[in-house]
$ cat upload_27.pdb   # PDB, C-alpha atoms
ATOM      1  CA  MET A1267     -11.772  -5.354  -0.596
ATOM      2  CA  CYS A1268     -11.286  -8.266  -2.948
ATOM      3  CA  GLY A1269      -9.690 -11.655  -2.509
ATOM      4  CA  ALA A1270      -7.005 -13.618  -4.279
ATOM      5  CA  VAL A1271      -5.855 -10.946  -6.739
ATOM      6  CA  GLY A1272      -2.116 -10.589  -6.223
ATOM      7  CA  MET A1273      -1.947 -13.247  -3.497
ATOM      8  CA  SER A1274       1.586 -14.666  -3.151
ATOM      9  CA  ASP A1275       2.269 -18.405  -3.083
ATOM     10  CA  TYR A1276       3.276 -17.968   0.568
ATOM     11  CA  VAL A1277      -0.122 -16.507   1.508
ATOM     12  CA  LYS A1278      -1.935 -19.104  -0.613
ATOM     13  CA  GLY A1279      -0.150 -21.798   1.403
ATOM     14  CA  LEU A1280      -1.142 -20.165   4.690
ATOM     15  CA  ARG A1281      -4.744 -19.761   3.523
ATOM     16  CA  ALA A1282      -4.856 -23.486   2.698
ATOM     17  CA  LYS A1283      -4.089 -24.115   6.398
ATOM     18  CA  VAL A1284      -6.068 -21.362   8.174
ATOM     19  CA  GLY A1285      -8.918 -20.705   5.769
ATOM     20  CA  THR A1286     -10.300 -17.183   6.073
ATOM     21  CA  ASP A1287      -9.070 -16.637   9.668
ATOM     22  CA  LEU A1288      -7.066 -13.505  10.441
ATOM     23  CA  LEU A1289      -3.562 -13.335   8.951
ATOM     24  CA  PHE A1290      -1.279 -10.589  10.265
ATOM     25  CA  GLY A1291       1.810  -9.456   8.400
ATOM     26  CA  PRO A1292       4.201  -6.705   7.451
ATOM     27  CA  SER A1293       3.590  -4.433   4.483
ATOM     28  CA  ALA A1294       5.545  -1.662   2.782
ATOM     29  CA  ALA A1295       4.407   1.442   0.906
ATOM     30  CA  THR A1296       5.890   4.461  -0.838
ATOM     31  CA  VAL A1297       5.036   8.141  -0.633
ATOM     32  CA  ILE A1298       5.977   9.757  -3.941
ATOM     33  CA  LYS A1299       5.398  13.488  -4.286
ATOM     34  CA  ASP A1300       5.526  15.930  -7.181
ATOM     35  CA  GLY A1301       5.339  19.323  -5.522
ATOM     36  CA  ASP A1302       2.229  19.163  -3.347
ATOM     37  CA  ARG A1303       0.739  16.158  -5.194
ATOM     38  CA  TYR A1304       0.889  12.523  -4.077
ATOM     39  CA  LEU A1305       1.050   9.519  -6.410
ATOM     40  CA  LEU A1306      -1.855   7.171  -5.674
ATOM     41  CA  VAL A1307      -2.996   3.937  -7.291
ATOM     42  CA  ARG A1308      -6.595   2.731  -7.526
ATOM     43  CA  HIS A1309      -6.925  -0.978  -6.980
ATOM     44  CA  VAL A1310      -9.498  -3.030  -8.857
ATOM     45  CA  GLU A1311     -11.668  -3.179  -5.719
ATOM     46  CA  GLY A1312     -12.027   0.623  -5.957
ATOM     47  CA  TRP A1313      -9.819   1.887  -3.130
ATOM     48  CA  TRP A1314      -7.115   4.482  -3.782
ATOM     49  CA  THR A1315      -3.857   3.825  -1.936
ATOM     50  CA  PHE A1316      -0.181   4.611  -1.868
ATOM     51  CA  PRO A1317       1.697   1.972  -3.890
ATOM     52  CA  ALA A1318       1.916  -0.805  -1.289
ATOM     53  CA  GLY A1319       1.774  -4.485  -0.525
ATOM     54  CA  ALA A1320       2.937  -7.366   1.624
ATOM     55  CA  VAL A1321       6.557  -7.990   2.483
ATOM     56  CA  ASP A1322       7.391 -11.479   1.229
ATOM     57  CA  PRO A1323       9.399 -13.927   3.348
ATOM     58  CA  GLY A1324      13.132 -13.184   2.991
ATOM     59  CA  GLU A1325      12.458  -9.713   1.570
ATOM     60  CA  THR A1326      13.302  -6.476   3.362
ATOM     61  CA  PRO A1327      10.608  -3.807   3.716
ATOM     62  CA  ALA A1328      12.687  -1.585   1.387
ATOM     63  CA  GLU A1329      12.834  -4.299  -1.281
ATOM     64  CA  ALA A1330       9.078  -4.829  -0.948
ATOM     65  CA  ALA A1331       8.367  -1.101  -1.280
ATOM     66  CA  ARG A1332      10.396  -0.870  -4.501
ATOM     67  CA  ARG A1333       8.846  -4.087  -5.899
ATOM     68  CA  GLU A1334       5.267  -3.099  -5.087
ATOM     69  CA  THR A1335       5.737   0.369  -6.595
ATOM     70  CA  ARG A1336       7.165  -1.189  -9.775
ATOM     71  CA  GLU A1337       4.350  -3.785  -9.933
ATOM     72  CA  GLU A1338       1.492  -1.365  -9.252
ATOM     73  CA  ALA A1339       2.612   1.978 -10.710
ATOM     74  CA  GLY A1340       5.148   0.830 -13.319
ATOM     75  CA  VAL A1341       7.989   3.006 -12.019
ATOM     76  CA  GLU A1342      11.382   2.438 -10.436
ATOM     77  CA  VAL A1343      11.957   4.415  -7.255
ATOM     78  CA  GLU A1344      14.803   5.435  -5.020
ATOM     79  CA  LEU A1345      13.885   5.247  -1.351
ATOM     80  CA  LEU A1346      14.927   8.406   0.495
ATOM     81  CA  SER A1347      13.894   7.861   4.110
ATOM     82  CA  ILE A1348      11.306   6.256   6.342
ATOM     83  CA  ALA A1349       8.213   8.462   6.347
ATOM     84  CA  GLY A1350       6.585   6.454   9.108
ATOM     85  CA  VAL A1351       5.520   3.134  10.557
ATOM     86  CA  PHE A1352       1.797   2.622  11.026
ATOM     87  CA  GLY A1353      -0.586  -0.147  12.011
ATOM     88  CA  GLY A1354      -3.354  -1.209  14.314
ATOM     89  CA  TYR A1355      -7.062  -1.882  14.300
ATOM     90  CA  PRO A1356      -9.343  -0.726  12.718
ATOM     91  CA  ASP A1357      -7.601   1.204   9.920
ATOM     92  CA  PHE A1358      -5.043  -1.541   9.255
ATOM     93  CA  ARG A1359      -7.428  -4.472   9.334
ATOM     94  CA  GLY A1360      -9.891  -5.655   6.723
ATOM     95  CA  THR A1361     -11.897  -8.459   5.199
ATOM     96  CA  TYR A1362     -11.695  -9.260   1.505
ATOM     97  CA  SER A1363     -14.844 -10.044  -0.459
ATOM     98  CA  ASN A1364     -13.965 -13.756  -0.285
ATOM     99  CA  GLY A1365     -13.979 -13.599   3.543
ATOM    100  CA  ASP A1366     -10.206 -13.572   4.114
ATOM    101  CA  GLU A1367      -9.369 -11.476   7.193
ATOM    102  CA  VAL A1368      -6.110  -9.510   7.170
ATOM    103  CA  ALA A1369      -4.229  -7.075   9.384
ATOM    104  CA  TRP A1370      -0.873  -5.419   8.819
ATOM    105  CA  VAL A1371       1.794  -2.953   9.920
ATOM    106  CA  THR A1372       3.118  -0.688   7.168
ATOM    107  CA  SER A1373       6.641   0.663   6.777
ATOM    108  CA  LEU A1374       6.077   3.839   4.748
ATOM    109  CA  PHE A1375       9.004   5.154   2.689
ATOM    110  CA  ASP A1376       9.554   8.571   1.120
ATOM    111  CA  ALA A1377      10.598   7.851  -2.459
ATOM    112  CA  ARG A1378      11.284   9.509  -5.779
ATOM    113  CA  ILE A1379      10.813   8.159  -9.287
ATOM    114  CA  VAL A1380      14.090   7.388 -11.042
ATOM    115  CA  ASP A1381      12.705   5.654 -14.135
ATOM    116  CA  GLY A1382       9.376   5.334 -15.920
ATOM    117  CA  GLU A1383       6.046   7.128 -16.086
ATOM    118  CA  PRO A1384       3.331   6.092 -13.635
ATOM    119  CA  HIS A1385       0.695   3.802 -15.165
ATOM    120  CA  PRO A1386      -1.403   0.801 -14.085
ATOM    121  CA  ALA A1387       1.150  -2.008 -14.348
ATOM    122  CA  ASP A1388      -0.572  -5.145 -13.033
ATOM    123  CA  ASP A1389      -3.956  -6.837 -12.699
ATOM    124  CA  GLU A1390      -4.480  -5.262  -9.239
ATOM    125  CA  THR A1391      -4.204  -1.663 -10.450
ATOM    126  CA  ALA A1392      -7.078   0.035 -12.296
ATOM    127  CA  ASP A1393      -5.726   3.607 -12.350
ATOM    128  CA  VAL A1394      -2.840   5.831 -11.247
ATOM    129  CA  GLY A1395      -2.983   9.555 -10.537
ATOM    130  CA  TRP A1396      -1.427  12.579  -8.867
ATOM    131  CA  PHE A1397      -3.515  14.318  -6.180
ATOM    132  CA  THR A1398      -3.102  17.034  -3.601
ATOM    133  CA  ALA A1399      -4.027  16.001  -0.077
ATOM    134  CA  GLY A1400      -7.345  17.855  -0.424
ATOM    135  CA  GLU A1401      -8.123  16.078  -3.694
ATOM    136  CA  ALA A1402      -7.080  12.731  -2.199
ATOM    137  CA  TYR A1403      -9.422  13.129   0.783
ATOM    138  CA  ALA A1404     -12.317  13.410  -1.702
ATOM    139  CA  LEU A1405     -11.390  10.013  -3.224
ATOM    140  CA  GLN A1406     -12.398   6.587  -1.963
ATOM    141  CA  LEU A1407      -9.152   6.173   0.000
ATOM    142  CA  SER A1408      -8.487   2.934   1.821
ATOM    143  CA  PRO A1409      -8.785   3.490   5.594
ATOM    144  CA  SER A1410      -5.063   2.809   6.062
ATOM    145  CA  THR A1411      -4.079   5.274   3.317
ATOM    146  CA  ARG A1412      -6.368   7.959   4.784
ATOM    147  CA  HIS A1413      -4.798   7.284   8.206
ATOM    148  CA  MET A1414      -1.243   7.595   6.861
ATOM    149  CA  LEU A1415      -1.997  10.650   4.705
ATOM    150  CA  GLU A1416      -3.565  12.496   7.640
ATOM    151  CA  ARG A1417      -0.487  11.815   9.734
ATOM    152  CA  LEU A1418       1.942  12.717   6.947
ATOM    153  CA  GLU A1419       0.149  16.021   6.485
ATOM    154  CA  ALA A1420       0.365  16.622  10.270
ATOM    155  CA  GLY A1421       4.068  15.686  10.426
ATOM    156  CA  ILE A1422       3.415  12.546  12.505
ATOM    157  CA  SER A1423       5.542   9.500  11.614
ATOM    158  CA  PHE A1424       4.037   6.951  14.015
ATOM    159  CA  ASP A1425       1.083   6.494  16.347
ATOM    160  CA  ALA A1426       2.010   6.533  20.022
TER     161      ALA A1426
END
$ encode --input "upload_27.pdb" --output "structure tokens"
Amino acid sequence: MCGAVGMSDYVKGLRAKVGTDLLFGPSAATVIKDGDRYLLVRHVEGWWTFPAGAVDPGETPAEAARRETREEAGVEVELLSIAGVFGGYPDFRGTYSNGDEVAWVTSLFDARIVDGEPHPADDETADVGWFTAGEAYALQLSPSTRHMLERLEAGISFDA
């Protein structure tokens, strides 16, 4: 994982106070399908993920999911339903290359594209692609994305 790429002013302020110690926060992601293929983005650190990111203070998870999908994949989406809520160690915890420790809970939304063609749309995103679950499992998926994809494929919307 990498460090300050895409870090909000809010997180920068927290990091100035806590250094690299663990920060825990909410995140939001979208599941966009075209038939049996999922839209995934490859971040500059190499991991493939669903379009996702932190929920900013004052922002709803739904707003964050739409914003992150627009920022990372260059598309506008309509959110259709909650696909799941996931979190917990170790799949939803990590350390960036600069030493920053993070953990999160993700609200995962089913979504459909209403405008635009998927493309890398910010400095965090190196590539965008459509993959079946089998093809996705062969990629360097982030642990949290692998966790969520496995549960989506099994029809599980949360971990008990």
$ atom_distance --input "upload_27.pdb" --atom1 "atom CA of A:Gly1340" --atom2 "atom CA of A:Gly1301"
20.1 Å
$ closest_residue --input "upload_27.pdb" --among "A:Arg1281, A:Lys1299, A:His1309, A:Arg1412" --to "A:Ala1387" --atoms "only C-alpha atoms"
A:His1309
$ closest_residue --input "upload_27.pdb" --among "A:Thr1398, A:Thr1315, A:Thr1286, A:Thr1372" --to "A:Ala1328" --atoms "all atoms listed in the file"
A:Thr1372
$ closest_atom_pairs --input "upload_27.pdb" --of "stretch 1280-1304 of chain A" --to "stretch 1349-1362 of chain A" --cutoff "10 Å" --atoms "all atoms listed in the file" --output "Markdown table"
| residue | atom | partner | partner_atom | distance |
| --- | --- | --- | --- | --- |
| A:Thr1286 | CA | A:Thr1361 | CA | 8.9 |
| A:Asp1287 | CA | A:Thr1361 | CA | 9.7 |
| A:Leu1288 | CA | A:Thr1361 | CA | 8.7 |
| A:Leu1289 | CA | A:Arg1359 | CA | 9.7 |
| A:Phe1290 | CA | A:Arg1359 | CA | 8.7 |
| A:Pro1292 | CA | A:Gly1353 | CA | 9.3 |
| A:Ser1293 | CA | A:Gly1353 | CA | 9.6 |
| A:Ala1294 | CA | A:Val1351 | CA | 9.1 |
| A:Ala1295 | CA | A:Ala1349 | CA | 9.7 |
| A:Thr1296 | CA | A:Ala1349 | CA | 8.5 |
| A:Val1297 | CA | A:Ala1349 | CA | 7.7 |
$ atom_distance --input "upload_27.pdb" --atom1 "atom CA of A:Pro1384" --atom2 "atom CA of A:Pro1409"
22.9 Å
$ atom_distance --input "upload_27.pdb" --atom1 "atom CA of A:Trp1314" --atom2 "atom CA of A:Ser1408"
6.0 Å
$ residues_around --input "upload_27.pdb" --residues "A:Val1310" --least-positions-apart "6" --cutoff "8 Å" --atoms "all atoms listed in the file" --output "list in words"
Asp1389, Glu1390, Thr1391 and Ala1392 of chain A
$ write_last_selection --input "upload_27.pdb" --atoms "C-alpha atoms" --output "PDB file, in the frame of the given file"
ATOM      1  CA  ASP A1389      -3.956  -6.837 -12.699  1.00  0.00           C
ATOM      2  CA  GLU A1390      -4.480  -5.262  -9.239  1.00  0.00           C
ATOM      3  CA  THR A1391      -4.204  -1.663 -10.450  1.00  0.00           C
ATOM      4  CA  ALA A1392      -7.078   0.035 -12.296  1.00  0.00           C
TER       5      ALA A1392
END
$ resolve_selection --input "upload_27.pdb" --expression "the PyMOL selection byres ((chain A and resi 1399-1403) around 8)" --output "number ranges by chain"
A: 1302-1304, 1397-1398, 1404-1407, 1412, 1415, 1419
$ build_atoms --input "upload_27.pdb" --residues "stretch 1349-1377 of chain A" --atoms "N, CA and C atoms" --output "PDB file, in the coordinates of the input"
ATOM      1  N   ALA A1349       9.207   7.420   6.076  1.00  0.00           N
ATOM      2  CA  ALA A1349       8.213   8.462   6.347  1.00  0.00           C
ATOM      3  C   ALA A1349       7.413   8.135   7.596  1.00  0.00           C
ATOM      4  N   GLY A1350       7.326   6.849   7.925  1.00  0.00           N
ATOM      5  CA  GLY A1350       6.585   6.454   9.108  1.00  0.00           C
ATOM      6  C   GLY A1350       6.369   4.964   9.179  1.00  0.00           C
ATOM      7  N   VAL A1351       5.904   4.524  10.340  1.00  0.00           N
ATOM      8  CA  VAL A1351       5.520   3.134  10.557  1.00  0.00           C
ATOM      9  C   VAL A1351       4.153   3.178  11.223  1.00  0.00           C
ATOM     10  N   PHE A1352       3.183   2.523  10.582  1.00  0.00           N
ATOM     11  CA  PHE A1352       1.797   2.622  11.026  1.00  0.00           C
ATOM     12  C   PHE A1352       1.130   1.252  11.054  1.00  0.00           C
ATOM     13  N   GLY A1353       0.178   1.087  11.950  1.00  0.00           N
ATOM     14  CA  GLY A1353      -0.586  -0.147  12.011  1.00  0.00           C
ATOM     15  C   GLY A1353      -1.608  -0.074  13.127  1.00  0.00           C
ATOM     16  N   GLY A1354      -2.374  -1.119  13.244  1.00  0.00           N
ATOM     17  CA  GLY A1354      -3.354  -1.209  14.314  1.00  0.00           C
ATOM     18  C   GLY A1354      -4.776  -1.209  13.802  1.00  0.00           C
ATOM     19  N   TYR A1355      -5.646  -1.805  14.602  1.00  0.00           N
ATOM     20  CA  TYR A1355      -7.062  -1.882  14.300  1.00  0.00           C
ATOM     21  C   TYR A1355      -7.692  -0.530  14.557  1.00  0.00           C
ATOM     22  N   PRO A1356      -8.667  -0.043  13.824  1.00  0.00           N
ATOM     23  CA  PRO A1356      -9.343  -0.726  12.718  1.00  0.00           C
ATOM     24  C   PRO A1356      -8.815  -0.337  11.337  1.00  0.00           C
ATOM     25  N   ASP A1357      -8.011   0.715  11.240  1.00  0.00           N
ATOM     26  CA  ASP A1357      -7.601   1.204   9.920  1.00  0.00           C
ATOM     27  C   ASP A1357      -6.680   0.251   9.166  1.00  0.00           C
ATOM     28  N   PHE A1358      -5.990  -0.631   9.880  1.00  0.00           N
ATOM     29  CA  PHE A1358      -5.043  -1.541   9.255  1.00  0.00           C
ATOM     30  C   PHE A1358      -5.511  -2.988   9.402  1.00  0.00           C
ATOM     31  N   ARG A1359      -6.811  -3.149   9.272  1.00  0.00           N
ATOM     32  CA  ARG A1359      -7.428  -4.472   9.334  1.00  0.00           C
ATOM     33  C   ARG A1359      -8.593  -4.476   8.350  1.00  0.00           C
ATOM     34  N   GLY A1360      -8.795  -5.602   7.678  1.00  0.00           N
ATOM     35  CA  GLY A1360      -9.891  -5.655   6.723  1.00  0.00           C
ATOM     36  C   GLY A1360     -10.308  -7.073   6.410  1.00  0.00           C
ATOM     37  N   THR A1361     -11.389  -7.179   5.669  1.00  0.00           N
ATOM     38  CA  THR A1361     -11.897  -8.459   5.199  1.00  0.00           C
ATOM     39  C   THR A1361     -12.126  -8.340   3.701  1.00  0.00           C
ATOM     40  N   TYR A1362     -11.503  -9.229   2.948  1.00  0.00           N
ATOM     41  CA  TYR A1362     -11.695  -9.260   1.505  1.00  0.00           C
ATOM     42  C   TYR A1362     -13.075  -9.818   1.172  1.00  0.00           C
ATOM     43  N   SER A1363     -13.512  -9.587  -0.047  1.00  0.00           N
ATOM     44  CA  SER A1363     -14.844 -10.044  -0.459  1.00  0.00           C
ATOM     45  C   SER A1363     -14.997 -11.558  -0.378  1.00  0.00           C
ATOM     46  N   ASN A1364     -13.887 -12.294  -0.408  1.00  0.00           N
ATOM     47  CA  ASN A1364     -13.965 -13.756  -0.285  1.00  0.00           C
ATOM     48  C   ASN A1364     -13.953 -14.225   1.173  1.00  0.00           C
ATOM     49  N   GLY A1365     -13.928 -13.265   2.124  1.00  0.00           N
ATOM     50  CA  GLY A1365     -13.979 -13.599   3.543  1.00  0.00           C
ATOM     51  C   GLY A1365     -12.633 -13.636   4.240  1.00  0.00           C
ATOM     52  N   ASP A1366     -11.539 -13.558   3.509  1.00  0.00           N
ATOM     53  CA  ASP A1366     -10.206 -13.572   4.114  1.00  0.00           C
ATOM     54  C   ASP A1366     -10.020 -12.346   5.000  1.00  0.00           C
ATOM     55  N   GLU A1367      -9.650 -12.577   6.275  1.00  0.00           N
ATOM     56  CA  GLU A1367      -9.369 -11.476   7.193  1.00  0.00           C
ATOM     57  C   GLU A1367      -7.868 -11.206   7.203  1.00  0.00           C
ATOM     58  N   VAL A1368      -7.508  -9.912   7.185  1.00  0.00           N
ATOM     59  CA  VAL A1368      -6.110  -9.510   7.170  1.00  0.00           C
ATOM     60  C   VAL A1368      -5.889  -8.331   8.108  1.00  0.00           C
ATOM     61  N   ALA A1369      -4.669  -8.230   8.619  1.00  0.00           N
ATOM     62  CA  ALA A1369      -4.229  -7.075   9.384  1.00  0.00           C
ATOM     63  C   ALA A1369      -2.739  -6.898   9.091  1.00  0.00           C
ATOM     64  N   TRP A1370      -2.249  -5.675   9.220  1.00  0.00           N
ATOM     65  CA  TRP A1370      -0.873  -5.419   8.819  1.00  0.00           C
ATOM     66  C   TRP A1370      -0.297  -4.204   9.541  1.00  0.00           C
ATOM     67  N   VAL A1371       1.030  -4.129   9.507  1.00  0.00           N
ATOM     68  CA  VAL A1371       1.794  -2.953   9.920  1.00  0.00           C
ATOM     69  C   VAL A1371       2.555  -2.509   8.682  1.00  0.00           C
ATOM     70  N   THR A1372       2.503  -1.212   8.381  1.00  0.00           N
ATOM     71  CA  THR A1372       3.118  -0.688   7.168  1.00  0.00           C
ATOM     72  C   THR A1372       4.344   0.150   7.470  1.00  0.00           C
ATOM     73  N   SER A1373       5.463  -0.196   6.818  1.00  0.00           N
ATOM     74  CA  SER A1373       6.641   0.663   6.777  1.00  0.00           C
ATOM     75  C   SER A1373       6.455   1.562   5.562  1.00  0.00           C
ATOM     76  N   LEU A1374       6.363   2.865   5.805  1.00  0.00           N
ATOM     77  CA  LEU A1374       6.077   3.839   4.748  1.00  0.00           C
ATOM     78  C   LEU A1374       7.361   4.594   4.410  1.00  0.00           C
ATOM     79  N   PHE A1375       7.764   4.543   3.145  1.00  0.00           N
ATOM     80  CA  PHE A1375       9.004   5.154   2.689  1.00  0.00           C
ATOM     81  C   PHE A1375       8.756   6.376   1.813  1.00  0.00           C
ATOM     82  N   ASP A1376       9.485   7.465   2.075  1.00  0.00           N
ATOM     83  CA  ASP A1376       9.554   8.571   1.120  1.00  0.00           C
ATOM     84  C   ASP A1376      10.375   8.074  -0.055  1.00  0.00           C
ATOM     85  N   ALA A1377       9.906   8.350  -1.271  1.00  0.00           N
ATOM     86  CA  ALA A1377      10.598   7.851  -2.459  1.00  0.00           C
ATOM     87  C   ALA A1377      10.495   8.870  -3.585  1.00  0.00           C
TER      88      ALA A1377
END
